[in-house]
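S.K.: This is query02.csv (CSV, C-alpha atoms and all ligand atoms).
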chain,number,residue,atom,x,y,z
A,8,MET,CA,-14.5,-16.7,-8.3
A,9,GLU,CA,-16.4,-18.5,-11.0
A,10,GLU,CA,-14.3,-18.5,-14.2
A,11,ASN,CA,-17.3,-17.8,-16.5
A,12,LYS,CA,-17.6,-14.3,-15.0
A,13,ARG,CA,-14.1,-13.5,-16.4
A,14,LEU,CA,-13.1,-13.5,-20.0
A,15,TYR,CA,-9.4,-13.4,-18.8
A,16,SER,CA,-7.4,-13.7,-15.7
A,17,ALA,CA,-5.4,-10.5,-14.8
A,18,VAL,CA,-1.8,-11.5,-14.3
A,19,ILE,CA,1.1,-9.4,-13.1
A,20,THR,CA,3.7,-9.2,-15.9
A,21,GLY,CA,6.0,-6.4,-14.7
A,22,VAL,CA,6.9,-4.6,-11.5
A,23,GLY,CA,8.7,-1.3,-10.5
A,24,MET,CA,9.5,0.6,-7.3
A,25,TYR,CA,11.0,3.8,-6.0
A,26,VAL,CA,12.0,5.0,-2.6
A,27,PRO,CA,13.8,8.3,-2.0
A,28,GLU,CA,17.5,8.2,-1.0
A,29,LYS,CA,17.2,10.2,2.2
A,30,VAL,CA,16.8,8.0,5.3
A,31,LEU,CA,15.4,9.1,8.6
A,32,ASP,CA,16.4,6.7,11.3
A,33,ASN,CA,14.9,6.4,14.7
A,34,LYS,CA,17.7,8.4,16.2
A,35,TYR,CA,16.7,11.4,14.0
A,36,PHE,CA,13.3,11.5,15.8
A,37,GLU,CA,15.0,11.6,19.2
A,38,GLY,CA,16.1,15.1,18.3
A,39,LEU,CA,12.5,16.1,17.2
A,40,VAL,CA,10.2,14.7,19.8
A,41,GLU,CA,10.2,12.9,23.1
A,42,THR,CA,10.9,9.4,21.9
A,43,ASN,CA,13.7,6.8,21.5
A,44,ASP,CA,14.9,4.0,19.2
A,45,GLU,CA,13.9,1.3,21.7
A,46,TRP,CA,10.3,2.5,22.0
A,47,ILE,CA,9.8,2.8,18.3
A,48,THR,CA,11.4,-0.6,17.5
A,49,THR,CA,9.5,-2.6,20.1
A,50,ARG,CA,6.1,-0.9,19.7
A,51,THR,CA,6.2,-0.7,15.8
A,52,GLY,CA,9.1,-2.7,14.3
A,53,ILE,CA,10.3,0.4,12.4
A,54,LYS,CA,14.0,1.3,12.3
A,55,GLU,CA,14.1,3.8,9.5
A,56,ARG,CA,11.9,5.4,6.8
A,57,ARG,CA,12.5,7.4,3.6
A,58,PHE,CA,11.9,11.1,3.1
A,59,LEU,CA,11.4,12.9,-0.3
A,60,GLU,CA,13.2,16.2,-0.1
A,61,ASN,CA,12.1,17.7,-3.4
A,62,GLY,CA,9.0,16.8,-5.4
A,63,ALA,CA,5.6,15.2,-4.9
A,64,THR,CA,3.7,11.9,-5.0
A,65,SER,CA,3.6,12.1,-8.8
A,66,ASP,CA,7.5,12.0,-8.8
A,67,LEU,CA,7.6,9.0,-6.6
A,68,ALA,CA,5.0,7.2,-8.8
A,69,ALA,CA,6.7,8.3,-12.0
A,70,GLU,CA,10.0,6.8,-10.9
A,71,ALA,CA,8.3,3.5,-10.0
A,72,VAL,CA,6.5,3.5,-13.4
A,73,LYS,CA,9.8,4.2,-15.3
A,74,ASP,CA,11.4,1.3,-13.4
A,75,LEU,CA,8.5,-1.0,-14.4
A,76,LEU,CA,8.6,0.0,-18.1
A,77,LYS,CA,12.4,-0.4,-18.3
A,78,THR,CA,12.6,-3.7,-16.5
A,79,SER,CA,9.6,-5.3,-18.3
A,80,ASN,CA,10.8,-3.8,-21.6
A,81,THR,CA,7.3,-2.2,-22.2
A,82,ASP,CA,6.6,0.6,-24.6
A,83,PRO,CA,4.8,3.4,-22.7
A,84,LEU,CA,2.5,3.8,-25.7
A,85,GLU,CA,1.1,0.4,-25.1
A,86,ILE,CA,-0.3,1.2,-21.7
A,87,ASP,CA,-4.1,1.5,-21.8
A,88,ALA,CA,-4.8,2.8,-18.3
A,89,ILE,CA,-3.1,3.8,-15.0
A,90,ILE,CA,-4.6,3.7,-11.6
A,91,ILE,CA,-2.8,5.5,-8.7
A,92,ALA,CA,-3.8,4.6,-5.2
A,93,THR,CA,-2.8,7.5,-3.0
A,94,ILE,CA,-4.1,9.8,-0.2
A,95,THR,CA,-1.4,12.4,-0.8
A,96,PRO,CA,-2.2,13.6,-4.4
A,97,ASP,CA,0.0,16.5,-5.6
A,98,MET,CA,-3.1,18.7,-5.7
A,99,ILE,CA,-6.9,18.5,-5.3
A,100,PHE,CA,-6.9,18.4,-9.1
A,101,PRO,CA,-5.7,17.4,-11.7
A,102,ASN,CA,-5.4,13.8,-10.6
A,103,THR,CA,-2.0,12.3,-9.9
A,104,ALA,CA,-2.6,9.8,-12.7
A,105,ALA,CA,-2.6,12.6,-15.3
A,106,LEU,CA,0.6,14.0,-13.9
A,107,VAL,CA,2.3,10.6,-13.9
A,108,GLN,CA,1.0,9.9,-17.4
A,109,HIS,CA,2.6,13.2,-18.6
A,110,LYS,CA,5.9,12.5,-16.8
A,111,THR,CA,6.3,8.9,-18.1
A,112,GLY,CA,4.9,9.3,-21.7
A,113,LEU,CA,1.9,7.1,-21.3
A,114,ASN,CA,0.3,8.9,-24.2
A,115,ASN,CA,-2.4,6.4,-25.0
A,116,ALA,CA,-3.5,5.9,-21.4
A,117,TRP,CA,-6.5,7.2,-19.4
A,118,GLY,CA,-6.5,6.8,-15.6
A,119,PHE,CA,-7.6,8.0,-12.2
A,120,ASP,CA,-6.6,8.2,-8.6
A,121,LEU,CA,-8.1,5.9,-6.0
A,122,SER,CA,-8.3,7.1,-2.4
A,123,ALA,CA,-8.5,4.2,0.2
A,124,ALA,CA,-5.6,5.0,2.4
A,125,CYS,CA,-3.6,2.0,3.5
A,126,SER,CA,-6.0,-0.3,1.6
A,127,GLY,CA,-5.5,1.7,-1.6
A,128,PHE,CA,-3.3,-0.7,-3.5
A,129,LEU,CA,-5.7,-3.6,-2.8
A,130,PHE,CA,-8.7,-1.6,-4.0
A,131,ALA,CA,-6.8,-0.5,-7.1
A,132,LEU,CA,-5.6,-4.0,-7.8
A,133,GLN,CA,-9.2,-5.2,-7.7
A,134,THR,CA,-10.2,-2.3,-10.0
A,135,GLY,CA,-7.3,-2.8,-12.5
A,136,SER,CA,-7.9,-6.5,-12.6
A,137,SER,CA,-11.6,-5.9,-13.5
A,138,LEU,CA,-10.6,-3.8,-16.4
A,139,ILE,CA,-8.4,-6.7,-17.7
A,140,GLU,CA,-10.8,-9.5,-16.9
A,141,SER,CA,-13.6,-7.9,-18.9
A,142,GLY,CA,-11.4,-8.1,-22.0
A,143,ARG,CA,-11.7,-4.3,-22.6
A,144,TYR,CA,-8.1,-3.4,-21.8
A,145,LYS,CA,-4.8,-5.2,-22.4
A,146,LYS,CA,-2.2,-3.3,-20.3
A,147,VAL,CA,-3.1,-1.6,-17.0
A,148,ILE,CA,-0.6,-0.2,-14.5
A,149,VAL,CA,-1.6,-0.1,-10.8
A,150,VAL,CA,0.5,2.1,-8.5
A,151,GLY,CA,0.6,2.6,-4.8
A,152,ALA,CA,2.3,5.9,-4.0
A,153,ASP,CA,2.3,8.2,-1.0
A,154,LYS,CA,4.4,11.1,0.2
A,155,MET,CA,3.3,10.7,3.8
A,156,SER,CA,5.8,13.3,4.9
A,157,ALA,CA,3.5,15.9,3.3
A,158,ILE,CA,0.7,15.3,5.9
A,159,VAL,CA,2.7,14.2,8.9
A,160,ASP,CA,3.1,16.6,11.9
A,161,TYR,CA,6.7,16.3,12.9
A,162,THR,CA,5.9,17.6,16.4
A,163,ASP,CA,3.5,14.8,17.1
A,164,ARG,CA,5.3,11.8,18.4
A,165,ASN,CA,2.2,9.6,18.1
A,166,THR,CA,2.3,9.7,14.3
A,167,CYS,CA,5.5,11.2,13.0
A,168,ILE,CA,7.7,8.1,13.7
A,169,LEU,CA,5.3,5.8,11.8
A,170,PHE,CA,5.3,7.1,8.2
A,171,GLY,CA,7.6,7.3,5.2
A,172,ASP,CA,7.5,8.1,1.5
A,173,GLY,CA,7.6,5.6,-1.4
A,174,ALA,CA,5.9,4.1,-4.5
A,175,ALA,CA,5.6,0.8,-6.3
A,176,ALA,CA,3.8,-0.4,-9.4
A,177,VAL,CA,2.6,-3.6,-11.1
A,178,LEU,CA,1.6,-4.2,-14.8
A,179,LEU,CA,-1.5,-6.2,-15.4
A,180,GLU,CA,-2.2,-8.1,-18.6
A,181,PRO,CA,-4.8,-10.7,-19.7
A,182,SER,CA,-4.2,-14.4,-19.7
A,183,LYS,CA,-6.4,-17.4,-20.6
A,184,ASP,CA,-4.7,-19.5,-17.9
A,185,PHE,CA,-7.0,-18.9,-15.0
A,186,SER,CA,-4.7,-20.7,-12.5
A,187,PHE,CA,-2.4,-17.6,-12.4
A,188,GLY,CA,-3.1,-14.0,-11.5
A,189,PHE,CA,-5.8,-12.2,-9.5
A,190,GLN,CA,-8.1,-14.9,-8.0
A,191,ASP,CA,-10.3,-13.2,-5.4
A,192,SER,CA,-10.8,-10.3,-3.0
A,193,ILE,CA,-12.9,-9.4,0.0
A,194,LEU,CA,-13.0,-5.6,0.5
A,195,HIS,CA,-14.7,-3.3,3.0
A,196,ILE,CA,-15.3,0.3,3.9
A,197,ASP,CA,-16.8,1.7,7.1
A,198,GLY,CA,-17.0,5.5,7.4
A,199,SER,CA,-17.6,5.4,11.2
A,200,GLY,CA,-13.8,5.0,11.4
A,201,MET,CA,-13.4,8.6,10.2
A,202,GLU,CA,-13.1,10.0,13.8
A,203,ALA,CA,-10.1,7.9,14.6
A,204,LEU,CA,-8.0,8.5,11.5
A,205,HIS,CA,-8.2,11.5,9.2
A,206,VAL,CA,-6.9,14.7,7.7
A,207,LYS,CA,-9.7,17.1,8.4
A,208,ALA,CA,-8.9,20.2,6.4
A,209,GLY,CA,-8.0,21.1,2.8
A,210,GLY,CA,-11.1,19.5,1.3
A,211,SER,CA,-14.6,20.9,0.8
A,212,LEU,CA,-15.6,20.4,4.5
A,213,TYR,CA,-12.9,22.7,5.8
A,214,PRO,CA,-11.2,24.6,2.9
A,215,ALA,CA,-7.8,26.0,3.7
A,216,SER,CA,-8.0,29.1,6.0
A,217,HIS,CA,-5.8,30.7,8.6
A,218,GLU,CA,-7.8,28.9,11.2
A,219,THR,CA,-7.3,25.5,9.7
A,220,VAL,CA,-3.6,26.1,9.4
A,221,ASP,CA,-3.3,27.5,13.0
A,222,LYS,CA,-5.2,24.4,14.3
A,223,LYS,CA,-2.9,22.0,12.3
A,224,MET,CA,-6.0,20.6,10.6
A,225,HIS,CA,-4.0,19.7,7.4
A,226,TYR,CA,-2.0,17.1,9.3
A,227,MET,CA,-2.9,13.5,9.8
A,228,PHE,CA,-4.7,12.7,13.1
A,229,GLN,CA,-4.7,9.2,14.4
A,230,ASP,CA,-6.1,7.7,17.6
A,231,GLY,CA,-3.4,5.0,17.6
A,232,LYS,CA,-4.9,2.8,20.3
A,233,ALA,CA,-8.4,2.8,18.7
A,234,VAL,CA,-7.0,2.0,15.2
A,235,PHE,CA,-4.7,-0.7,16.5
A,236,LYS,CA,-7.6,-2.6,18.1
A,237,VAL,CA,-9.8,-2.6,15.0
A,238,ALA,CA,-6.8,-3.1,12.6
A,239,VAL,CA,-5.7,-6.3,14.4
A,240,LYS,CA,-9.2,-7.8,14.3
A,241,GLY,CA,-10.1,-6.5,10.8
A,242,MET,CA,-7.0,-7.6,9.0
A,243,ALA,CA,-6.9,-11.0,10.7
A,244,ASP,CA,-10.6,-11.7,10.2
A,245,VAL,CA,-10.6,-10.9,6.5
A,246,SER,CA,-7.3,-12.8,5.9
A,247,VAL,CA,-8.8,-16.0,7.5
A,248,GLU,CA,-12.1,-15.4,5.5
A,249,ILE,CA,-10.3,-15.3,2.2
A,250,MET,CA,-8.4,-18.5,3.0
A,251,LYS,CA,-11.6,-20.3,3.8
A,252,LYS,CA,-13.4,-18.9,0.8
A,253,ASN,CA,-10.7,-20.2,-1.5
A,254,ASN,CA,-10.0,-23.5,0.4
A,255,LEU,CA,-6.4,-22.4,1.2
A,256,LYS,CA,-4.7,-24.1,4.1
A,257,SER,CA,-1.8,-22.4,5.9
A,258,GLU,CA,0.7,-24.6,4.2
A,259,ASP,CA,-0.6,-23.6,0.7
A,260,ILE,CA,0.3,-20.0,1.2
A,261,ALA,CA,3.8,-19.0,0.0
A,262,PHE,CA,3.5,-15.5,1.6
A,263,LEU,CA,1.1,-13.3,3.5
A,264,VAL,CA,1.9,-9.8,2.0
A,265,PRO,CA,0.4,-7.5,4.7
A,266,HIS,CA,0.2,-3.7,4.9
A,267,GLN,CA,3.2,-2.6,6.9
A,268,ALA,CA,1.7,-0.3,9.7
A,269,ASN,CA,2.9,-2.1,12.8
A,270,LEU,CA,4.8,-5.4,13.2
A,271,ARG,CA,2.5,-6.4,16.0
A,272,ILE,CA,-0.6,-6.2,13.8
A,273,ILE,CA,1.3,-8.2,11.1
A,274,GLU,CA,2.3,-10.9,13.6
A,275,ALA,CA,-1.2,-11.2,15.0
A,276,THR,CA,-2.6,-11.7,11.5
A,277,ALA,CA,0.0,-14.3,10.7
A,278,GLN,CA,-0.8,-16.1,13.9
A,279,ARG,CA,-4.6,-16.2,13.2
A,280,MET,CA,-3.8,-17.6,9.7
A,281,GLY,CA,-1.6,-20.3,11.3
A,282,ILE,CA,1.4,-19.4,9.1
A,283,SER,CA,5.0,-19.1,10.2
A,284,LYS,CA,7.2,-15.9,10.2
A,285,ASP,CA,9.0,-17.2,7.0
A,286,GLN,CA,5.6,-17.0,5.2
A,287,VAL,CA,5.3,-13.2,5.8
A,288,THR,CA,6.8,-10.4,3.8
A,289,ILE,CA,8.3,-7.7,6.0
A,290,ASN,CA,10.1,-4.4,5.1
A,291,ILE,CA,8.5,-2.2,7.8
A,292,HIS,CA,11.9,-1.9,9.5
A,293,LYS,CA,13.3,-0.1,6.3
A,294,TYR,CA,10.4,2.0,5.1
A,295,GLY,CA,7.9,2.4,7.9
A,296,ASN,CA,4.3,2.9,6.8
A,297,THR,CA,4.2,4.2,3.2
A,298,THR,CA,0.4,3.8,3.1
A,299,ALA,CA,-0.7,2.7,-0.4
A,300,ALA,CA,2.9,1.7,-1.3
A,301,THR,CA,3.6,-0.9,1.4
A,302,ILE,CA,2.1,-4.0,-0.3
A,303,PRO,CA,3.5,-3.4,-3.8
A,304,LEU,CA,6.9,-2.5,-2.3
A,305,CYS,CA,6.9,-5.9,-0.5
A,306,LEU,CA,5.8,-7.6,-3.7
A,307,VAL,CA,8.6,-6.0,-5.8
A,308,GLU,CA,11.4,-6.6,-3.2
A,309,TYR,CA,10.5,-10.2,-2.4
A,310,TYR,CA,10.1,-11.0,-6.1
A,311,ARG,CA,13.4,-9.4,-7.0
A,312,LYS,CA,15.2,-11.2,-4.2
A,313,GLY,CA,14.0,-14.4,-5.7
A,314,LYS,CA,11.7,-15.2,-2.7
A,315,ILE,CA,8.4,-14.9,-4.5
A,316,LYS,CA,8.3,-17.3,-7.4
A,317,LYS,CA,6.0,-18.2,-10.3
A,318,GLY,CA,3.0,-20.2,-9.0
A,319,ASP,CA,3.3,-18.9,-5.4
A,320,LYS,CA,-0.1,-18.4,-3.7
A,321,LEU,CA,-0.1,-15.0,-2.0
A,322,VAL,CA,-2.6,-13.4,0.4
A,323,LEU,CA,-2.5,-9.6,0.4
A,324,ALA,CA,-4.1,-7.9,3.4
A,325,ALA,CA,-4.6,-4.3,4.6
A,326,PHE,CA,-6.3,-2.1,7.0
A,327,GLY,CA,-6.4,1.7,7.0
A,328,GLY,CA,-8.2,5.0,7.2
A,329,GLY,CA,-11.8,5.2,6.3
A,330,TYR,CA,-12.0,2.6,7.7
A,331,THR,CA,-11.0,0.6,4.7
A,332,TRP,CA,-9.8,-3.0,4.8
A,333,GLY,CA,-9.6,-6.2,2.9
A,334,ALA,CA,-7.7,-9.1,1.5
A,335,ALA,CA,-6.9,-10.4,-2.0
A,336,TYR,CA,-5.7,-13.8,-3.2
A,337,ILE,CA,-3.3,-13.9,-6.1
A,338,VAL,CA,-1.1,-16.5,-7.8
A,339,TRP,CA,2.2,-15.1,-8.9
A,340,SER,CA,2.7,-15.3,-12.6
A,341,MET,CA,6.3,-14.0,-13.3
A,342,ASP,CA,9.3,-16.2,-13.8
A,401,LIG,N1,7.7,7.5,21.6
A,401,LIG,C1,7.6,7.3,22.9
A,401,LIG,N2,6.4,7.2,23.5
A,401,LIG,C2,5.3,7.3,22.7
A,401,LIG,C3,5.4,7.5,21.3
A,401,LIG,C4,6.7,7.7,20.8
A,401,LIG,N3,6.9,7.9,19.5
A,401,LIG,N4,4.2,7.6,20.8
A,401,LIG,C5,3.3,7.4,21.8
A,401,LIG,N5,4.0,7.3,23.0
A,401,LIG,C6,3.4,7.0,24.3
A,401,LIG,C7,2.0,7.5,24.5
A,401,LIG,O1,2.0,8.9,24.7
A,401,LIG,C8,1.6,6.7,25.6
A,401,LIG,O2,2.0,7.3,26.8
A,401,LIG,P1,1.0,7.4,28.1
A,401,LIG,O3,0.7,6.0,28.5
A,401,LIG,O4,1.8,8.2,29.0
A,401,LIG,O5,-0.2,8.2,27.5
A,401,LIG,C9,2.4,5.4,25.5
A,401,LIG,O6,3.4,5.7,24.6
A,401,LIG,C10,1.6,4.3,25.0
A,401,LIG,O7,0.8,4.7,23.9
A,401,LIG,P2,-0.1,3.8,23.0
A,401,LIG,O8,-0.9,4.6,22.0
A,401,LIG,O9,-0.9,2.9,23.9
A,401,LIG,O10,1.0,2.9,22.3
A,401,LIG,P3,0.7,1.7,21.4
A,401,LIG,O11,1.4,0.5,22.0
A,401,LIG,O12,-0.7,1.6,21.0
A,401,LIG,O13,1.5,2.1,20.1
A,401,LIG,C11,1.0,2.9,17.9
A,401,LIG,C12,1.1,3.3,19.4
A,401,LIG,C13,0.6,4.2,17.1
A,401,LIG,C14,2.4,2.4,17.4
A,401,LIG,C15,0.0,1.8,17.7
A,401,LIG,O14,-1.2,2.2,18.4
A,401,LIG,C16,-0.4,1.5,16.3
A,401,LIG,O15,0.3,1.0,15.5
A,401,LIG,N6,-1.7,1.9,15.9
A,401,LIG,C17,-2.2,1.5,14.7
A,401,LIG,C18,-1.6,2.2,13.5
A,401,LIG,C19,-2.2,1.6,12.3
A,401,LIG,O16,-2.3,0.4,12.1
A,401,LIG,N7,-2.7,2.4,11.4
A,401,LIG,C20,-3.3,1.8,10.2
A,401,LIG,C21,-3.6,2.8,9.3
A,401,LIG,S1,-2.3,3.6,8.7
Would you write out, as structure tokens, the structure that this file holds?

M.R.:
Amino acid sequence: MEENKRLYSAVITGVGMYVPEKVLDNKYFEGLVETNDEWITTRTGIKERRFLENGATSDLAAEAVKDLLKTSNTDPLEIDAIIIATITPDMIFPNTAALVQHKTGLNNAWGFDLSAACSGFLFALQTGSSLIESGRYKKVIVVGADKMSAIVDYTDRNTCILFGDGAAAVLLEPSKDFSFGFQDSILHIDGSGMEALHVKAGGSLYPASHETVDKKMHYMFQDGKAVFKVAVKGMADVSVEIMKKNNLKSEDIAFLVPHQANLRIIEATAQRMGISKDQVTINIHKYGNTTAATIPLCLVEYYRKGKIKKGDKLVLAAFGGGYTWGAAYIVWSMD
């Protein structure tokens, strides 16, 4: 990206995360549907996921924001804007951002929800970075939060084993040092993917009715095989493309931070990028697919474990419902 198009670089100066305490391990699903730990582990890489018993996506997001404010020693009144990437908003309206603003005392912030399924955090990070790069805003929080248990059909073995609940957040601030922070992104949408991955009812197309409930149209539908094929190609292609565009060799990359949908998709992407297993952030075994939260959860956990360090070059990559997909290149800015 040419520097003269940005007044500032958007750098990450704080992080926060929250996952609910309740764990659903693979054994739990053996009692629900015809499945087993061995199948789930070998086909997906997932061992357990978290489940929010009481509350909604705004509660997950609010806890992540509170963690961010506390650990970065930030006054909530200083936050200018909050963007929440989610496909499981508490309600059709008001937006989840307003509910989180109220719960966390961000009394000077505006904000909005961004719906891009598993690519939500990438899209929101690009959007939040643009607010900072223009010089108009000084502190922007970007959250990825999803209560996937709200839209999962726990009688459908094809989907119920895959998803979990969680949230994570980053704080973006301006810097004149362009060698750190958000460097570039390549993002895509393709609505022809709707057939393979969607929640059909509850919106304006099929408002809630007895019929939509009887037909389970408020649950997520996924044609796993179809999505798997395009996800492998889409995520790998865009990750290689962003490397080439930014002259990144495999040894330059500290970590690929991929969306955690399936370990096999992650491994295929890493292979195409020519990077080793040690250069990939993985927590799918603990949380499953938390949709918009997977990438920021990886960032927060690997940073807090001391694995992601200042100056590290990171490629973030995702593929999800829409279809939506893309990759971003960032240089980590926190000590
Ligand atoms: N336990 C046991 N068997 C299961 C199962 C489960 N939980 N879920 C599906 N199966 C069965 C299928 O019914 C099928 O049986 P059949 O051959 O008798 O019809 C068999 O396992 C193989 O199914 P298939 O769909 O080919 O498995 P897969 O290897 O593609 O794995 C997914 C299924 C969902 C894990 C995989 O397709 C996937 O990860 N898809 C992409 C998900 C994704 O990236 N989403 C991105 C946006 S969130």

S.K.: Go through chain A and flag each residue having an atom no more than 8 Å from ligand LIG 401 (chain A); for those, report the closest pair of atoms plus their distance in Å to one decimal, using only C-alpha atoms and all ligand atoms, ordered by chain and rising number, as CSV.

M.R.:
residue,atom,partner,partner_atom,distance
A:Val40,CA,A:LIG401,N3,7.6
A:Glu41,CA,A:LIG401,N1,6.1
A:Thr42,CA,A:LIG401,N1,3.7
A:Asn43,CA,A:LIG401,N1,6.0
A:Trp46,CA,A:LIG401,C1,5.6
A:Ile47,CA,A:LIG401,N3,6.0
A:Arg50,CA,A:LIG401,O11,5.4
A:Thr51,CA,A:LIG401,C14,5.2
A:Ala124,CA,A:LIG401,S1,7.2
A:Cys125,CA,A:LIG401,S1,5.6
A:Arg164,CA,A:LIG401,N3,4.4
A:Asn165,CA,A:LIG401,N4,3.9
A:Thr166,CA,A:LIG401,C13,6.4
A:Cys167,CA,A:LIG401,N3,7.4
A:Ile168,CA,A:LIG401,N3,5.9
A:Leu169,CA,A:LIG401,C14,7.2
A:Leu204,CA,A:LIG401,C21,7.5
A:Gln229,CA,A:LIG401,N7,7.7
A:Asp230,CA,A:LIG401,O14,7.4
A:Gly231,CA,A:LIG401,O14,3.6
A:Lys232,CA,A:LIG401,O14,4.2
A:Ala233,CA,A:LIG401,O14,7.2
A:Val234,CA,A:LIG401,C17,4.9
A:Phe235,CA,A:LIG401,C17,3.8
A:Lys236,CA,A:LIG401,C17,7.6
A:Ala238,CA,A:LIG401,O16,5.7
A:Val239,CA,A:LIG401,O16,7.9
A:Ala268,CA,A:LIG401,O16,4.7
A:Asn269,CA,A:LIG401,O15,4.9
A:Arg271,CA,A:LIG401,O15,7.7
A:Ile272,CA,A:LIG401,O16,7.0
A:Asn296,CA,A:LIG401,S1,6.9
A:Thr298,CA,A:LIG401,S1,6.2
A:Phe326,CA,A:LIG401,C20,5.9
A:Gly327,CA,A:LIG401,C21,3.8
A:Gly328,CA,A:LIG401,C21,5.5

S.K.: So how many Å separate atom CA of Tyr213 of chain A and atom CA of Asp97 of chain A, to one decimal?

M.R.: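 Result for atom CA of Tyr213 of chain A versus atom CA of Asp97 of chain A: 18.3 Å, one decimal.
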
S.K.: Listing only residues of segment 252-310 of chain A within 12 Å of segment 23-28 of chain A, what is the closest atom pair and its distance in Å (to one decimal) for each, using only C-alpha atoms, sorted by chain and residue number ascending, as a Markdown table?

M.R.:
| residue | atom | partner | partner_atom | distance |
| --- | --- | --- | --- | --- |
| A:Lys293 | CA | A:Val26 | CA | 10.3 |
| A:Tyr294 | CA | A:Val26 | CA | 8.4 |
| A:Gly295 | CA | A:Val26 | CA | 11.6 |
| A:Thr297 | CA | A:Val26 | CA | 9.8 |
| A:Ala300 | CA | A:Met24 | CA | 9.0 |
| A:Thr301 | CA | A:Met24 | CA | 10.6 |
| A:Ile302 | CA | A:Met24 | CA | 11.2 |
| A:Pro303 | CA | A:Met24 | CA | 8.0 |
| A:Leu304 | CA | A:Met24 | CA | 6.4 |
| A:Cys305 | CA | A:Met24 | CA | 9.8 |
| A:Leu306 | CA | A:Met24 | CA | 9.7 |
| A:Val307 | CA | A:Gly23 | CA | 6.6 |
| A:Glu308 | CA | A:Met24 | CA | 8.5 |
| A:Tyr309 | CA | A:Met24 | CA | 11.9 |
| A:Tyr310 | CA | A:Gly23 | CA | 10.7 |

S.K.: Skip Ala131 of chain A itself and residues of its chain fewer than 3 positions away, then list as a PyMOL selection string all residues within 8 Å of it, counting all atoms listed in the file.

M.R.: chain A and resi 90-92+121+127-128+134-135+149-150

S.K.: Hey, can you check how far atom CA of Ile89 of chain A sits from atom CA of Asp342 of chain A?

M.R.: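 Atom CA of Asp342 of chain A lies at a distance of 23.6 Å from atom CA of Ile89 of chain A.
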
S.K.: Residues at most 7 Å from Ile193 of chain A, counting only C-alpha atoms, excluding those fewer than 5 positions away in the same chain, as number ranges by chain?

M.R.: A: 249, 333-335

S.K.: For segment 257-267 of chain A, where the input has fewer atoms than it should, I would like N, CA, C and O atoms rebuilt and written as a PDB file, in the coordinates of the input.

M.R.:
ATOM      1  N   SER A 257      -2.998 -23.202   5.593  1.00  0.00           N
ATOM      2  CA  SER A 257      -1.800 -22.400   5.900  1.00  0.00           C
ATOM      3  C   SER A 257      -0.601 -22.787   5.087  1.00  0.00           C
ATOM      4  O   SER A 257       0.175 -21.962   4.624  1.00  0.00           O
ATOM      5  N   GLU A 258      -0.446 -24.113   4.887  1.00  0.00           N
ATOM      6  CA  GLU A 258       0.700 -24.600   4.200  1.00  0.00           C
ATOM      7  C   GLU A 258       0.685 -24.307   2.662  1.00  0.00           C
ATOM      8  O   GLU A 258       1.696 -24.393   1.961  1.00  0.00           O
ATOM      9  N   ASP A 259      -0.510 -23.965   2.156  1.00  0.00           N
ATOM     10  CA  ASP A 259      -0.600 -23.600   0.700  1.00  0.00           C
ATOM     11  C   ASP A 259      -0.072 -22.232   0.420  1.00  0.00           C
ATOM     12  O   ASP A 259       0.258 -21.922  -0.728  1.00  0.00           O
ATOM     13  N   ILE A 260      -0.018 -21.390   1.446  1.00  0.00           N
ATOM     14  CA  ILE A 260       0.300 -20.000   1.200  1.00  0.00           C
ATOM     15  C   ILE A 260       1.821 -19.774   1.230  1.00  0.00           C
ATOM     16  O   ILE A 260       2.491 -20.081   2.220  1.00  0.00           O
ATOM     17  N   ALA A 261       2.348 -19.259   0.107  1.00  0.00           N
ATOM     18  CA  ALA A 261       3.800 -19.000   0.000  1.00  0.00           C
ATOM     19  C   ALA A 261       4.089 -17.757   0.926  1.00  0.00           C
ATOM     20  O   ALA A 261       5.025 -17.763   1.717  1.00  0.00           O
ATOM     21  N   PHE A 262       3.258 -16.703   0.770  1.00  0.00           N
ATOM     22  CA  PHE A 262       3.500 -15.500   1.600  1.00  0.00           C
ATOM     23  C   PHE A 262       2.137 -14.784   1.891  1.00  0.00           C
ATOM     24  O   PHE A 262       1.282 -14.651   1.010  1.00  0.00           O
ATOM     25  N   LEU A 263       2.022 -14.336   3.121  1.00  0.00           N
ATOM     26  CA  LEU A 263       1.100 -13.300   3.500  1.00  0.00           C
ATOM     27  C   LEU A 263       1.836 -11.975   3.132  1.00  0.00           C
ATOM     28  O   LEU A 263       2.976 -11.798   3.583  1.00  0.00           O
ATOM     29  N   VAL A 264       1.226 -11.107   2.325  1.00  0.00           N
ATOM     30  CA  VAL A 264       1.900  -9.800   2.000  1.00  0.00           C
ATOM     31  C   VAL A 264       1.004  -8.738   2.672  1.00  0.00           C
ATOM     32  O   VAL A 264       0.016  -8.265   2.106  1.00  0.00           O
ATOM     33  N   PRO A 265       1.330  -8.404   3.926  1.00  0.00           N
ATOM     34  CA  PRO A 265       0.400  -7.500   4.700  1.00  0.00           C
ATOM     35  C   PRO A 265       0.850  -6.045   4.552  1.00  0.00           C
ATOM     36  O   PRO A 265       2.020  -5.725   4.326  1.00  0.00           O
ATOM     37  N   HIS A 266      -0.126  -5.163   4.723  1.00  0.00           N
ATOM     38  CA  HIS A 266       0.200  -3.700   4.900  1.00  0.00           C
ATOM     39  C   HIS A 266       1.130  -3.577   6.058  1.00  0.00           C
ATOM     40  O   HIS A 266       0.979  -4.241   7.088  1.00  0.00           O
ATOM     41  N   GLN A 267       2.122  -2.713   5.893  1.00  0.00           N
ATOM     42  CA  GLN A 267       3.200  -2.600   6.900  1.00  0.00           C
ATOM     43  C   GLN A 267       2.889  -1.322   7.773  1.00  0.00           C
ATOM     44  O   GLN A 267       3.422  -0.247   7.508  1.00  0.00           O
TER      45      GLN A 267
END
